[in-house]
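K.L.:
Provided herewith: model-v6.txt, compact mmCIF, C-alpha atoms and all ligand atoms.
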```
# COMPACT_ATOMS: atom_id res chain seq x y z
CA MET R 1 38.12 -19.32 -43.48
CA THR R 2 36.54 -21.58 -46.16
CA ALA R 3 37.07 -20.95 -49.87
CA LEU R 4 34.36 -19.87 -52.30
CA ALA R 5 32.29 -22.86 -53.43
CA VAL R 6 30.56 -22.86 -56.81
CA VAL R 7 27.45 -24.91 -57.60
CA ALA R 8 25.46 -25.21 -60.81
CA PRO R 9 21.99 -26.63 -60.05
CA VAL R 10 20.26 -28.21 -63.03
CA ASP R 11 16.65 -27.53 -62.08
CA ILE R 12 14.55 -25.45 -59.73
CA ALA R 13 14.20 -28.23 -57.15
CA ALA R 14 17.99 -28.56 -56.96
CA LEU R 15 18.33 -24.78 -56.78
CA ARG R 16 15.89 -24.57 -53.85
CA ALA R 17 17.64 -27.43 -52.05
CA THR R 18 21.03 -25.75 -52.57
CA LEU R 19 19.79 -22.47 -51.10
CA ALA R 20 18.04 -24.14 -48.16
CA ALA R 21 21.17 -26.10 -47.24
CA GLU R 22 23.54 -23.10 -47.25
CA ALA R 23 23.98 -21.29 -43.93
CA GLY R 24 26.54 -18.75 -45.18
CA PRO R 25 26.40 -15.95 -47.74
CA VAL R 26 25.06 -16.83 -51.19
CA ARG R 27 25.70 -14.97 -54.43
CA PHE R 28 24.36 -15.63 -57.89
CA ILE R 29 25.97 -15.55 -61.30
CA ALA R 30 24.00 -15.81 -64.54
CA GLY R 31 25.73 -14.57 -67.71
CA GLY R 32 28.64 -13.12 -65.75
CA THR R 33 28.84 -10.09 -68.07
CA ASP R 34 28.62 -7.66 -65.16
CA MET R 35 30.09 -9.83 -62.44
CA LEU R 36 33.22 -11.03 -64.17
CA ILE R 37 34.41 -7.84 -65.81
CA ALA R 38 37.80 -6.50 -64.84
CA GLY R 39 38.10 -4.78 -61.51
CA ARG R 40 35.30 -6.65 -59.76
CA PRO R 41 36.89 -9.35 -57.62
CA LEU R 42 34.64 -12.24 -56.62
CA ALA R 43 33.99 -12.80 -52.92
CA GLY R 44 36.59 -15.21 -51.53
CA THR R 45 34.17 -17.21 -49.40
CA GLY R 46 30.57 -18.37 -49.36
CA LEU R 47 28.58 -20.01 -52.11
CA LEU R 48 28.34 -18.85 -55.72
CA VAL R 49 25.28 -20.29 -57.47
CA ASP R 50 25.50 -20.50 -61.26
CA LEU R 51 22.01 -19.91 -62.71
CA ALA R 52 22.92 -20.51 -66.34
CA ARG R 53 21.98 -24.22 -66.32
CA VAL R 54 18.83 -24.14 -64.18
CA ALA R 55 16.11 -25.68 -66.36
CA GLY R 56 12.93 -23.67 -65.94
CA MET R 57 14.61 -20.33 -65.28
CA ALA R 58 14.99 -19.33 -68.92
CA PHE R 59 11.64 -18.94 -70.67
CA ILE R 60 9.34 -16.36 -72.25
CA SER R 61 5.60 -16.91 -71.86
CA THR R 62 3.33 -14.56 -73.82
CA ASP R 63 0.15 -16.60 -74.31
CA ASP R 64 -1.62 -15.62 -71.09
CA ALA R 65 -2.76 -12.17 -69.99
CA ASP R 66 0.49 -11.46 -68.15
CA VAL R 67 3.83 -11.79 -69.94
CA ARG R 68 6.20 -13.89 -67.80
CA ILE R 69 9.96 -14.12 -68.35
CA GLY R 70 12.33 -16.42 -66.45
CA GLY R 71 15.05 -14.59 -64.50
CA ALA R 72 17.85 -16.36 -66.37
CA THR R 73 16.46 -15.64 -69.86
CA THR R 74 19.16 -14.19 -72.06
CA VAL R 75 18.92 -10.75 -73.59
CA ALA R 76 19.43 -12.38 -77.03
CA ALA R 77 16.34 -14.54 -76.44
CA LEU R 78 14.32 -11.42 -75.54
CA ALA R 79 15.48 -9.63 -78.68
CA ALA R 80 14.50 -12.55 -80.93
CA ASP R 81 11.15 -13.58 -79.45
CA CYS R 82 8.26 -12.90 -81.88
CA GLY R 83 5.57 -13.40 -79.21
CA LEU R 84 7.26 -10.85 -76.99
CA ARG R 85 7.62 -8.42 -79.89
CA ALA R 86 3.88 -8.67 -80.51
CA ARG R 87 3.10 -7.79 -76.86
CA ILE R 88 5.83 -5.26 -76.03
CA PRO R 89 8.15 -4.38 -78.93
CA ALA R 90 10.05 -1.89 -76.75
CA LEU R 91 11.52 -4.70 -74.66
CA CYS R 92 12.82 -6.45 -77.80
CA GLU R 93 14.23 -3.13 -79.05
CA ALA R 94 16.00 -2.48 -75.74
CA ALA R 95 17.35 -6.04 -75.65
CA GLY R 96 18.57 -5.77 -79.25
CA GLN R 97 20.56 -2.66 -78.36
CA CYS R 98 22.31 -4.15 -75.28
CA GLY R 99 26.04 -4.64 -75.82
CA SER R 100 27.20 -6.90 -78.64
CA VAL R 101 26.06 -10.29 -79.97
CA GLN R 102 28.45 -12.01 -77.56
CA ILE R 103 27.20 -9.99 -74.58
CA ARG R 104 23.53 -10.54 -75.48
CA ASN R 105 24.09 -14.29 -75.75
CA ARG R 106 25.30 -14.40 -72.11
CA ALA R 107 23.59 -11.44 -70.41
CA THR R 108 20.28 -12.12 -68.65
CA ILE R 109 17.25 -10.07 -67.69
CA GLY R 110 17.70 -11.00 -64.00
CA GLY R 111 21.31 -9.80 -64.12
CA ASN R 112 20.31 -6.54 -65.80
CA ILE R 113 17.84 -5.85 -62.98
CA ALA R 114 19.98 -7.07 -60.07
CA ASN R 115 23.13 -5.30 -61.24
CA ALA R 116 21.13 -2.07 -60.86
CA ALA R 117 23.23 0.05 -63.22
CA PRO R 118 21.62 3.48 -63.80
CA ALA R 119 22.13 3.05 -67.57
CA ALA R 120 20.74 -0.51 -67.80
CA ASP R 121 18.75 -0.65 -71.01
CA LEU R 122 15.96 -3.05 -70.04
CA MET R 123 15.06 -1.08 -66.92
CA PRO R 124 13.13 1.91 -68.39
CA VAL R 125 10.93 -0.45 -70.41
CA LEU R 126 10.28 -2.61 -67.37
CA ALA R 127 9.54 0.47 -65.25
CA ALA R 128 7.08 1.88 -67.80
CA ALA R 129 5.37 -1.52 -67.99
CA GLY R 130 4.64 -1.67 -64.24
CA THR R 131 6.79 -4.80 -63.88
CA ARG R 132 6.54 -7.13 -60.90
CA LEU R 133 9.17 -9.66 -59.82
CA ALA R 134 8.72 -13.15 -58.41
CA LEU R 135 11.50 -13.44 -55.83
CA LEU R 136 12.91 -16.37 -53.87
CA LYS R 137 14.51 -16.08 -50.44
CA ASN R 138 17.16 -18.56 -49.31
CA ASP R 139 14.69 -20.10 -46.83
CA GLY R 140 12.49 -21.10 -49.79
CA THR R 141 9.87 -18.39 -49.33
CA GLN R 142 8.67 -16.99 -52.64
CA TYR R 143 6.98 -13.58 -52.91
CA GLU R 144 6.09 -10.91 -55.46
CA ALA R 145 7.22 -7.29 -55.39
CA ALA R 146 7.02 -4.31 -57.71
CA LEU R 147 10.24 -3.67 -59.65
CA CYS R 148 10.67 -0.37 -57.79
CA GLU R 149 10.48 -2.18 -54.43
CA TYR R 150 13.21 -4.71 -55.24
CA LEU R 151 16.43 -4.20 -53.31
CA PRO R 152 19.42 -5.63 -55.23
CA ASP R 153 21.36 -6.00 -51.96
CA SER R 154 18.64 -8.24 -50.51
CA GLY R 155 20.27 -11.22 -52.21
CA HIS R 156 16.81 -12.49 -53.14
CA LEU R 157 16.75 -14.45 -56.37
CA ILE R 158 14.76 -13.06 -59.31
CA MET R 159 12.87 -16.13 -60.49
CA GLU R 160 10.45 -14.41 -62.86
CA VAL R 161 9.87 -11.01 -64.37
CA ILE R 162 6.13 -10.37 -64.75
CA LEU R 163 4.69 -7.74 -67.09
CA PRO R 164 1.04 -7.40 -66.01
CA GLY R 165 -1.29 -7.73 -69.00
CA ASN R 166 -3.49 -4.86 -67.85
CA ALA R 167 -0.52 -2.46 -67.98
CA LEU R 168 0.70 -3.43 -71.46
CA LEU R 169 -0.37 -0.86 -74.06
CA PRO R 170 -0.55 -1.47 -77.83
CA CYS R 171 2.28 0.87 -78.86
CA SER R 172 5.73 0.91 -77.33
CA ALA R 173 9.21 2.15 -78.12
CA PHE R 174 12.76 2.32 -76.76
CA VAL R 175 15.56 4.67 -77.79
CA LYS R 176 19.05 5.22 -76.41
CA LEU R 177 21.87 7.67 -76.82
CA GLY R 178 25.47 6.69 -76.16
CA PRO R 179 28.94 7.88 -77.06
CA ARG R 180 28.89 5.69 -80.19
CA ARG R 181 26.32 3.81 -82.22
CA ASP R 182 27.06 0.16 -81.41
CA LEU R 183 28.24 -1.56 -78.22
CA THR R 184 27.55 1.54 -76.23
CA ILE R 185 26.44 2.21 -72.66
CA SER R 186 23.48 4.61 -72.56
CA ARG R 187 24.11 8.20 -71.57
CA LEU R 188 20.35 8.55 -71.74
CA ASN R 189 17.60 6.14 -72.68
CA LEU R 190 13.82 6.44 -72.93
CA ALA R 191 10.98 3.94 -73.07
CA MET R 192 7.33 4.53 -73.78
CA LEU R 193 4.13 2.49 -73.67
CA ALA R 194 1.08 4.16 -75.18
CA GLU R 195 -2.40 3.91 -76.60
CA PHE R 196 -2.57 5.69 -79.95
CA GLN R 197 -5.47 5.77 -82.37
CA ASN R 198 -6.69 8.20 -85.05
CA SER R 199 -3.77 10.53 -84.34
CA HIS R 200 -4.69 10.77 -80.63
CA PHE R 201 -2.86 9.42 -77.62
CA GLY R 202 -4.76 7.66 -74.86
CA THR R 203 -2.84 6.51 -71.78
CA VAL R 204 0.91 7.14 -72.03
CA ARG R 205 3.69 5.92 -69.72
CA ILE R 206 7.29 7.05 -70.21
CA ALA R 207 10.43 6.19 -68.23
CA ALA R 208 14.05 7.30 -68.57
CA GLY R 209 17.35 5.69 -67.63
CA ALA R 210 20.69 7.29 -66.72
CA LEU R 211 19.03 10.21 -64.94
CA GLY R 212 19.42 8.76 -61.45
CA PRO R 213 20.14 5.51 -59.65
CA VAL R 214 16.81 3.96 -60.71
CA PRO R 215 14.63 4.50 -63.80
CA LEU R 216 12.69 7.73 -63.69
CA ARG R 217 8.97 7.61 -64.46
CA MET R 218 8.26 10.82 -66.37
CA HIS R 219 4.78 11.80 -65.23
CA LEU R 220 4.91 15.31 -66.71
CA ALA R 221 5.76 13.88 -70.12
CA ASP R 222 2.94 11.31 -69.77
CA ALA R 223 0.50 14.14 -69.05
CA ALA R 224 1.75 16.27 -71.95
CA LEU R 225 0.78 13.51 -74.42
CA GLY R 226 -2.04 11.63 -72.69
CA GLY R 227 -5.43 12.26 -74.33
CA ARG R 228 -3.91 14.73 -76.82
CA LYS R 229 -3.74 14.89 -80.61
CA LEU R 230 -0.32 14.25 -82.15
CA GLU R 231 0.44 17.70 -83.55
CA PRO R 232 3.28 20.23 -83.23
CA ALA R 233 1.70 22.06 -80.25
CA THR R 234 1.42 18.80 -78.31
CA LEU R 235 5.01 17.88 -79.18
CA ARG R 236 6.25 21.28 -77.97
CA GLU R 237 4.54 20.73 -74.60
CA PHE R 238 6.04 17.24 -74.50
CA LEU R 239 9.56 18.58 -75.14
CA SER R 240 9.11 21.21 -72.45
CA ALA R 241 7.95 18.51 -70.00
CA LEU R 242 10.99 16.35 -70.81
CA ALA R 243 13.37 19.27 -70.19
CA THR R 244 11.65 20.05 -66.87
CA GLU R 245 12.02 16.40 -65.80
CA VAL R 246 15.73 16.36 -66.68
CA ASP R 247 16.30 19.62 -64.77
CA ALA R 248 14.53 18.22 -61.71
CA ALA R 249 16.40 14.89 -61.87
CA ILE R 250 19.98 16.14 -62.18
CA PRO R 251 20.08 19.80 -61.05
CA GLY R 252 23.58 21.24 -61.22
CA ARG R 253 25.16 18.06 -62.58
CA ASN R 254 27.80 18.50 -65.32
CA SER R 255 25.62 16.50 -67.69
CA GLN R 256 22.44 18.54 -67.07
CA ILE R 257 22.80 20.91 -70.03
CA TYR R 258 23.81 18.13 -72.42
CA LYS R 259 21.01 15.80 -71.33
CA ARG R 260 18.43 18.62 -71.36
CA ARG R 261 19.20 19.16 -75.07
CA ALA R 262 19.67 15.50 -75.91
CA VAL R 263 16.33 14.46 -74.43
CA ALA R 264 14.49 16.55 -77.04
CA GLY R 265 15.84 14.65 -80.05
CA LEU R 266 15.56 11.35 -78.24
CA GLY R 267 11.97 12.14 -77.20
CA LEU R 268 10.89 12.84 -80.77
CA ASP R 269 12.59 9.63 -81.96
CA LEU R 270 10.70 7.79 -79.23
CA ILE R 271 7.33 9.04 -80.45
CA ALA R 272 8.20 8.36 -84.08
CA GLN R 273 9.08 4.76 -83.24
CA ALA R 274 6.00 4.25 -81.03
CA VAL R 275 3.46 5.51 -83.59
CA GLY R 276 5.27 4.23 -86.70
CA LEU R 277 6.31 7.54 -88.29
CA SER R 278 9.66 8.47 -89.76
CA PRO R 279 11.74 10.59 -87.34
CA ARG R 280 12.13 12.93 -90.35
CA ASP R 281 8.38 13.45 -90.67
CA ARG R 282 7.44 17.11 -91.19
CA LEU R 283 5.46 17.00 -87.94
CA PHE R 284 8.65 16.67 -85.90
CA GLU R 285 10.40 19.46 -87.83
CA GLU R 286 7.43 21.77 -87.16
CA ALA R 287 7.59 20.97 -83.44
CA VAL R 288 11.12 22.37 -83.17
CA GLU R 289 10.83 25.27 -85.63
C1 LIG S 301 31.03 -5.03 -73.02
C2 LIG S 301 29.73 -4.88 -72.26
C3 LIG S 301 28.68 -4.18 -72.84
C4 LIG S 301 27.48 -4.02 -72.17
N1 LIG S 301 26.48 -3.31 -72.77
C5 LIG S 301 25.32 -3.13 -72.12
C6 LIG S 301 24.27 -2.38 -72.73
O1 LIG S 301 24.38 -1.86 -73.85
N2 LIG S 301 23.12 -2.23 -72.03
C7 LIG S 301 22.93 -2.78 -70.79
O2 LIG S 301 21.86 -2.63 -70.20
N3 LIG S 301 23.91 -3.50 -70.20
C8 LIG S 301 25.08 -3.69 -70.82
N4 LIG S 301 26.09 -4.40 -70.23
C9 LIG S 301 25.88 -4.92 -68.87
C10 LIG S 301 25.40 -6.40 -68.77
O3 LIG S 301 25.64 -7.13 -69.93
C11 LIG S 301 23.90 -6.48 -68.41
O4 LIG S 301 23.62 -5.74 -67.23
C12 LIG S 301 23.44 -7.93 -68.23
O5 LIG S 301 22.04 -7.97 -68.39
C13 LIG S 301 23.83 -8.55 -66.90
O6 LIG S 301 23.34 -9.89 -66.89
P1 LIG S 301 24.26 -11.12 -66.48
O7 LIG S 301 23.40 -12.33 -66.53
O8 LIG S 301 25.52 -11.16 -67.26
O9 LIG S 301 24.59 -10.72 -64.95
P2 LIG S 301 25.77 -11.30 -64.03
O10 LIG S 301 27.04 -10.62 -64.37
O11 LIG S 301 25.75 -12.78 -64.01
O12 LIG S 301 25.24 -10.78 -62.62
C14 LIG S 301 25.13 -9.39 -62.37
C15 LIG S 301 24.56 -9.21 -60.95
O13 LIG S 301 23.22 -9.68 -60.91
C16 LIG S 301 23.07 -10.73 -59.94
N5 LIG S 301 22.11 -11.66 -60.53
C17 LIG S 301 22.19 -12.26 -61.75
N6 LIG S 301 21.06 -12.95 -61.99
C18 LIG S 301 20.26 -12.78 -60.90
C19 LIG S 301 18.96 -13.24 -60.54
N7 LIG S 301 18.20 -14.01 -61.38
N8 LIG S 301 18.45 -12.89 -59.33
C20 LIG S 301 19.18 -12.09 -58.49
N9 LIG S 301 20.41 -11.64 -58.76
C21 LIG S 301 20.93 -11.98 -59.96
C22 LIG S 301 24.46 -11.29 -59.73
O14 LIG S 301 24.60 -11.84 -58.44
C23 LIG S 301 25.31 -10.02 -59.90
O15 LIG S 301 25.30 -9.28 -58.70
C24 LIG S 301 27.31 -4.59 -70.87
C25 LIG S 301 28.35 -5.33 -70.30
C26 LIG S 301 29.55 -5.48 -70.97
C27 LIG S 301 30.66 -6.27 -70.34
```
What's the structure tokens form of this structure?
P.N.:
Amino acid sequence: MTALAVVAPVDIAALRATLAAEAGPVRFIAGGTDMLIAGRPLAGTGLLVDLARVAGMAFISTDDADVRIGGATTVAALAADCGLRARIPALCEAAGQCGSVQIRNRATIGGNIANAAPAADLMPVLAAAGTRLALLKNDGTQYEAALCEYLPDSGHLIMEVILPGNALLPCSAFVKLGPRRDLTISRLNLAMLAEFQNSHFGTVRIAAGALGPVPLRMHLADAALGGRKLEPATLREFLSALATEVDAAIPGRNSQIYKRRAVAGLGLDLIAQAVGLSPRDRLFEEAVE
């Protein structure tokens, strides 16, 4: 049995050559914040490819119609990027609420997707944005797949995360609820992309995390807001839709009652952030009176 070998390619050509030359199992490590935590032993054999130094895998491109993000881009870079904030503020919000400064400086978007944790904070935003992934197989074949089609166990490398321009909407928001305020894993998180003008919603897309193994697109909640005026009656229908979605997602689970209540407050915070109102605005109080 051969020992685990570790390589750190410096550019994409070297990365491709490394993958093509390896006949055995290949694993990737980027920031290592999921992979190296206690209780997760590394495989003893095969090849471990360190992505942290691959030039050309960490970038944020917002000038073209589609937003493109390199798979090894750190969460800290996402949180700080002004161009990204102008196109999809929810992704910067979600990134800014991941872990601590130290974690964000190491953690990457590719790792957040590939680790496939139900509570991963970037995932609901990416799901609501209709994200596509540029993936690389070991044999050098590159292909694109929708985020929801990506299989973390495939071992295919996430080269780029693509947010299609035609799916990005002018307003967006991300909110999370955890057991404490900072450095907290989400018990529930919500993301929203929306059109909103003259107090009316246009298209709305909402997704939730920590309600199942993958982010949940909340179509009932979309429909409760889409095309409607922002007023207490609309918000009441929205809250009812959110509760219905939680009930359908986790029927009989211990957390169902808690999450069914929690999603109401989180949902109103989500709308407040997306449309630029205070969460204490009278409108939200009237919705729950
Ligand atoms: C203290 C602490 C707090 C945390 N808080 C949060 C939080 O608030 N919110 C949150 O969402 N997460 C949180 N996390 C989890 C973690 O930081 C994120 O999931 C992070 O984005 C993982 O990225 P990484 O680069 O460190 O992944 P790694 O640990 O390097 O890799 C994780 C997995 O992804 C695979 N992988 C990595 N990059 C790629 C790629 N480009 N293509 C294919 N596979 C790849 C690896 O093979 C591995 O299986 C926390 C972790 C810790 C330790």
K.L.:
How many Å separate CA of Leu270 in chain R from CA of Ala72 in chain R?
P.N.:
28.3 Å
K.L.:
With distances taken over all atoms listed in the file, which residue among R:Ile206, R:Ala8, R:Ala223, R:Leu188 lies nearest Gly265 in chain R?
P.N.:
R:Leu188
K.L.:
Give the residues close to ligand LIG 301 (chain S), within 7 Å, counting all atoms listed in the file; write them as number ranges by chain.
P.N.:
R: 27-37, 71-72, 75, 97-100, 103-104, 106-115, 119-122, 155-159, 183-186
K.L.:
Residues of the last selection are to be written out with C-alpha atoms, as a PDB file, keeping the file's coordinate frame.
P.N.:
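Result saved to again_7.pdb:
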```pdb
ATOM      1  CA  ARG R  27      25.700 -14.970 -54.430  1.00  0.00           C
ATOM      2  CA  PHE R  28      24.360 -15.630 -57.890  1.00  0.00           C
ATOM      3  CA  ILE R  29      25.970 -15.550 -61.300  1.00  0.00           C
ATOM      4  CA  ALA R  30      24.000 -15.810 -64.540  1.00  0.00           C
ATOM      5  CA  GLY R  31      25.730 -14.570 -67.710  1.00  0.00           C
ATOM      6  CA  GLY R  32      28.640 -13.120 -65.750  1.00  0.00           C
ATOM      7  CA  THR R  33      28.840 -10.090 -68.070  1.00  0.00           C
ATOM      8  CA  ASP R  34      28.620  -7.660 -65.160  1.00  0.00           C
ATOM      9  CA  MET R  35      30.090  -9.830 -62.440  1.00  0.00           C
ATOM     10  CA  LEU R  36      33.220 -11.030 -64.170  1.00  0.00           C
ATOM     11  CA  ILE R  37      34.410  -7.840 -65.810  1.00  0.00           C
ATOM     12  CA  GLY R  71      15.050 -14.590 -64.500  1.00  0.00           C
ATOM     13  CA  ALA R  72      17.850 -16.360 -66.370  1.00  0.00           C
ATOM     14  CA  VAL R  75      18.920 -10.750 -73.590  1.00  0.00           C
ATOM     15  CA  GLN R  97      20.560  -2.660 -78.360  1.00  0.00           C
ATOM     16  CA  CYS R  98      22.310  -4.150 -75.280  1.00  0.00           C
ATOM     17  CA  GLY R  99      26.040  -4.640 -75.820  1.00  0.00           C
ATOM     18  CA  SER R 100      27.200  -6.900 -78.640  1.00  0.00           C
ATOM     19  CA  ILE R 103      27.200  -9.990 -74.580  1.00  0.00           C
ATOM     20  CA  ARG R 104      23.530 -10.540 -75.480  1.00  0.00           C
ATOM     21  CA  ARG R 106      25.300 -14.400 -72.110  1.00  0.00           C
ATOM     22  CA  ALA R 107      23.590 -11.440 -70.410  1.00  0.00           C
ATOM     23  CA  THR R 108      20.280 -12.120 -68.650  1.00  0.00           C
ATOM     24  CA  ILE R 109      17.250 -10.070 -67.690  1.00  0.00           C
ATOM     25  CA  GLY R 110      17.700 -11.000 -64.000  1.00  0.00           C
ATOM     26  CA  GLY R 111      21.310  -9.800 -64.120  1.00  0.00           C
ATOM     27  CA  ASN R 112      20.310  -6.540 -65.800  1.00  0.00           C
ATOM     28  CA  ILE R 113      17.840  -5.850 -62.980  1.00  0.00           C
ATOM     29  CA  ALA R 114      19.980  -7.070 -60.070  1.00  0.00           C
ATOM     30  CA  ASN R 115      23.130  -5.300 -61.240  1.00  0.00           C
ATOM     31  CA  ALA R 119      22.130   3.050 -67.570  1.00  0.00           C
ATOM     32  CA  ALA R 120      20.740  -0.510 -67.800  1.00  0.00           C
ATOM     33  CA  ASP R 121      18.750  -0.650 -71.010  1.00  0.00           C
ATOM     34  CA  LEU R 122      15.960  -3.050 -70.040  1.00  0.00           C
ATOM     35  CA  GLY R 155      20.270 -11.220 -52.210  1.00  0.00           C
ATOM     36  CA  HIS R 156      16.810 -12.490 -53.140  1.00  0.00           C
ATOM     37  CA  LEU R 157      16.750 -14.450 -56.370  1.00  0.00           C
ATOM     38  CA  ILE R 158      14.760 -13.060 -59.310  1.00  0.00           C
ATOM     39  CA  MET R 159      12.870 -16.130 -60.490  1.00  0.00           C
ATOM     40  CA  LEU R 183      28.240  -1.560 -78.220  1.00  0.00           C
ATOM     41  CA  THR R 184      27.550   1.540 -76.230  1.00  0.00           C
ATOM     42  CA  ILE R 185      26.440   2.210 -72.660  1.00  0.00           C
ATOM     43  CA  SER R 186      23.480   4.610 -72.560  1.00  0.00           C
TER      44      SER R 186
END
```
K.L.:
Grab the CA of Thr62 in chain R to CA of Ile12 in chain R distance for me, in Å with one decimal place.
P.N.:
21.0 Å
K.L.:
Tell me which protein, DNA and RNA residues are within 9 Å of Asp247 in chain R, counting all atoms listed in the file, leaving out same-chain ones fewer than 5 positions away, and put them as a compact mmCIF listing (two decimals) with C-alpha atoms, in the frame of the given file.
P.N.:
```
# COMPACT_ATOMS: atom_id res chain seq x y z
CA LEU R 242 10.99 16.35 -70.81
CA GLY R 252 23.58 21.24 -61.22
CA GLN R 256 22.44 18.54 -67.07
CA ILE R 257 22.80 20.91 -70.03
CA LYS R 259 21.01 15.80 -71.33
CA ARG R 260 18.43 18.62 -71.36
```
K.L.:
So what do you get for CA of Asp182 in chain R versus CA of Cys82 in chain R, distance-wise?
P.N.:
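Distance reported for this atom pair: 22.9 Å.
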K.L.:
Which residues are near Lys137 in chain R? Cut-off 10 Å, all atoms listed in the file, ignore same chain within fewer than 2 positions. Put them as a PyMOL selection string.
P.N.:
chain R and resi 16+19-20+135+139-143+154-158
K.L.:
Dump range 142-157 of chain R with N, CA, C and O atoms to a file, as an mmCIF file, in the first residue's frame.
P.N.:
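So part.cif came out as:
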```cif
data_model
loop_
_atom_site.group_PDB
_atom_site.id
_atom_site.type_symbol
_atom_site.label_atom_id
_atom_site.label_comp_id
_atom_site.auth_asym_id
_atom_site.auth_seq_id
_atom_site.Cartn_x
_atom_site.Cartn_y
_atom_site.Cartn_z
ATOM 1 N N GLN R 142 -13.907 19.021 -19.259
ATOM 2 C CA GLN R 142 -14.567 20.074 -18.480
ATOM 3 C C GLN R 142 -16.025 20.158 -18.923
ATOM 4 O O GLN R 142 -16.321 20.028 -20.113
ATOM 5 N N TYR R 143 -16.948 20.339 -17.995
ATOM 6 C CA TYR R 143 -18.362 20.439 -18.354
ATOM 7 C C TYR R 143 -19.072 21.352 -17.355
ATOM 8 O O TYR R 143 -18.518 21.661 -16.297
ATOM 9 N N GLU R 144 -20.280 21.778 -17.729
ATOM 10 C CA GLU R 144 -21.070 22.635 -16.845
ATOM 11 C C GLU R 144 -22.277 21.880 -16.337
ATOM 12 O O GLU R 144 -22.871 21.085 -17.057
ATOM 13 N N ALA R 145 -22.649 22.118 -15.089
ATOM 14 C CA ALA R 145 -23.848 21.481 -14.527
ATOM 15 C C ALA R 145 -24.516 22.470 -13.592
ATOM 16 O O ALA R 145 -23.861 23.359 -13.029
ATOM 17 N N ALA R 146 -25.831 22.311 -13.440
ATOM 18 C CA ALA R 146 -26.542 23.138 -12.459
ATOM 19 C C ALA R 146 -26.071 22.736 -11.064
ATOM 20 O O ALA R 146 -25.705 21.573 -10.836
ATOM 21 N N LEU R 147 -26.087 23.693 -10.141
ATOM 22 C CA LEU R 147 -25.672 23.416 -8.755
ATOM 23 C C LEU R 147 -26.418 22.190 -8.207
ATOM 24 O O LEU R 147 -25.816 21.328 -7.558
ATOM 25 N N CYS R 148 -27.722 22.104 -8.496
ATOM 26 C CA CYS R 148 -28.513 21.011 -7.928
ATOM 27 C C CYS R 148 -28.182 19.664 -8.573
ATOM 28 O O CYS R 148 -28.574 18.626 -8.056
ATOM 29 N N GLU R 149 -27.449 19.667 -9.678
ATOM 30 C CA GLU R 149 -27.066 18.396 -10.320
ATOM 31 C C GLU R 149 -25.691 17.913 -9.862
ATOM 32 O O GLU R 149 -25.288 16.791 -10.169
ATOM 33 N N TYR R 150 -24.957 18.763 -9.173
ATOM 34 C CA TYR R 150 -23.584 18.417 -8.786
ATOM 35 C C TYR R 150 -23.589 17.370 -7.677
ATOM 36 O O TYR R 150 -24.287 17.514 -6.670
ATOM 37 N N LEU R 151 -22.814 16.320 -7.874
ATOM 38 C CA LEU R 151 -22.710 15.262 -6.872
ATOM 39 C C LEU R 151 -21.358 15.370 -6.170
ATOM 40 O O LEU R 151 -20.316 15.120 -6.792
ATOM 41 N N PRO R 152 -21.342 15.781 -4.892
ATOM 42 C CA PRO R 152 -20.064 15.969 -4.196
ATOM 43 C C PRO R 152 -19.182 14.719 -4.242
ATOM 44 O O PRO R 152 -17.961 14.816 -4.311
ATOM 45 N N ASP R 153 -19.805 13.528 -4.249
ATOM 46 C CA ASP R 153 -18.993 12.305 -4.259
ATOM 47 C C ASP R 153 -18.368 12.013 -5.619
ATOM 48 O O ASP R 153 -17.587 11.080 -5.740
ATOM 49 N N SER R 154 -18.744 12.785 -6.634
ATOM 50 C CA SER R 154 -18.200 12.524 -7.978
ATOM 51 C C SER R 154 -16.691 12.734 -8.003
ATOM 52 O O SER R 154 -15.995 12.195 -8.865
ATOM 53 N N GLY R 155 -16.186 13.561 -7.110
ATOM 54 C CA GLY R 155 -14.757 13.870 -7.106
ATOM 55 C C GLY R 155 -14.394 14.864 -8.206
ATOM 56 O O GLY R 155 -13.217 15.149 -8.417
ATOM 57 N N HIS R 156 -15.396 15.392 -8.900
ATOM 58 C CA HIS R 156 -15.082 16.359 -9.958
ATOM 59 C C HIS R 156 -14.764 17.717 -9.330
ATOM 60 O O HIS R 156 -15.409 18.137 -8.364
ATOM 61 N N LEU R 157 -13.756 18.352 -9.910
ATOM 62 C CA LEU R 157 -13.245 19.600 -9.332
ATOM 63 C C LEU R 157 -14.120 20.788 -9.734
ATOM 64 O O LEU R 157 -14.406 20.977 -10.918
#
```
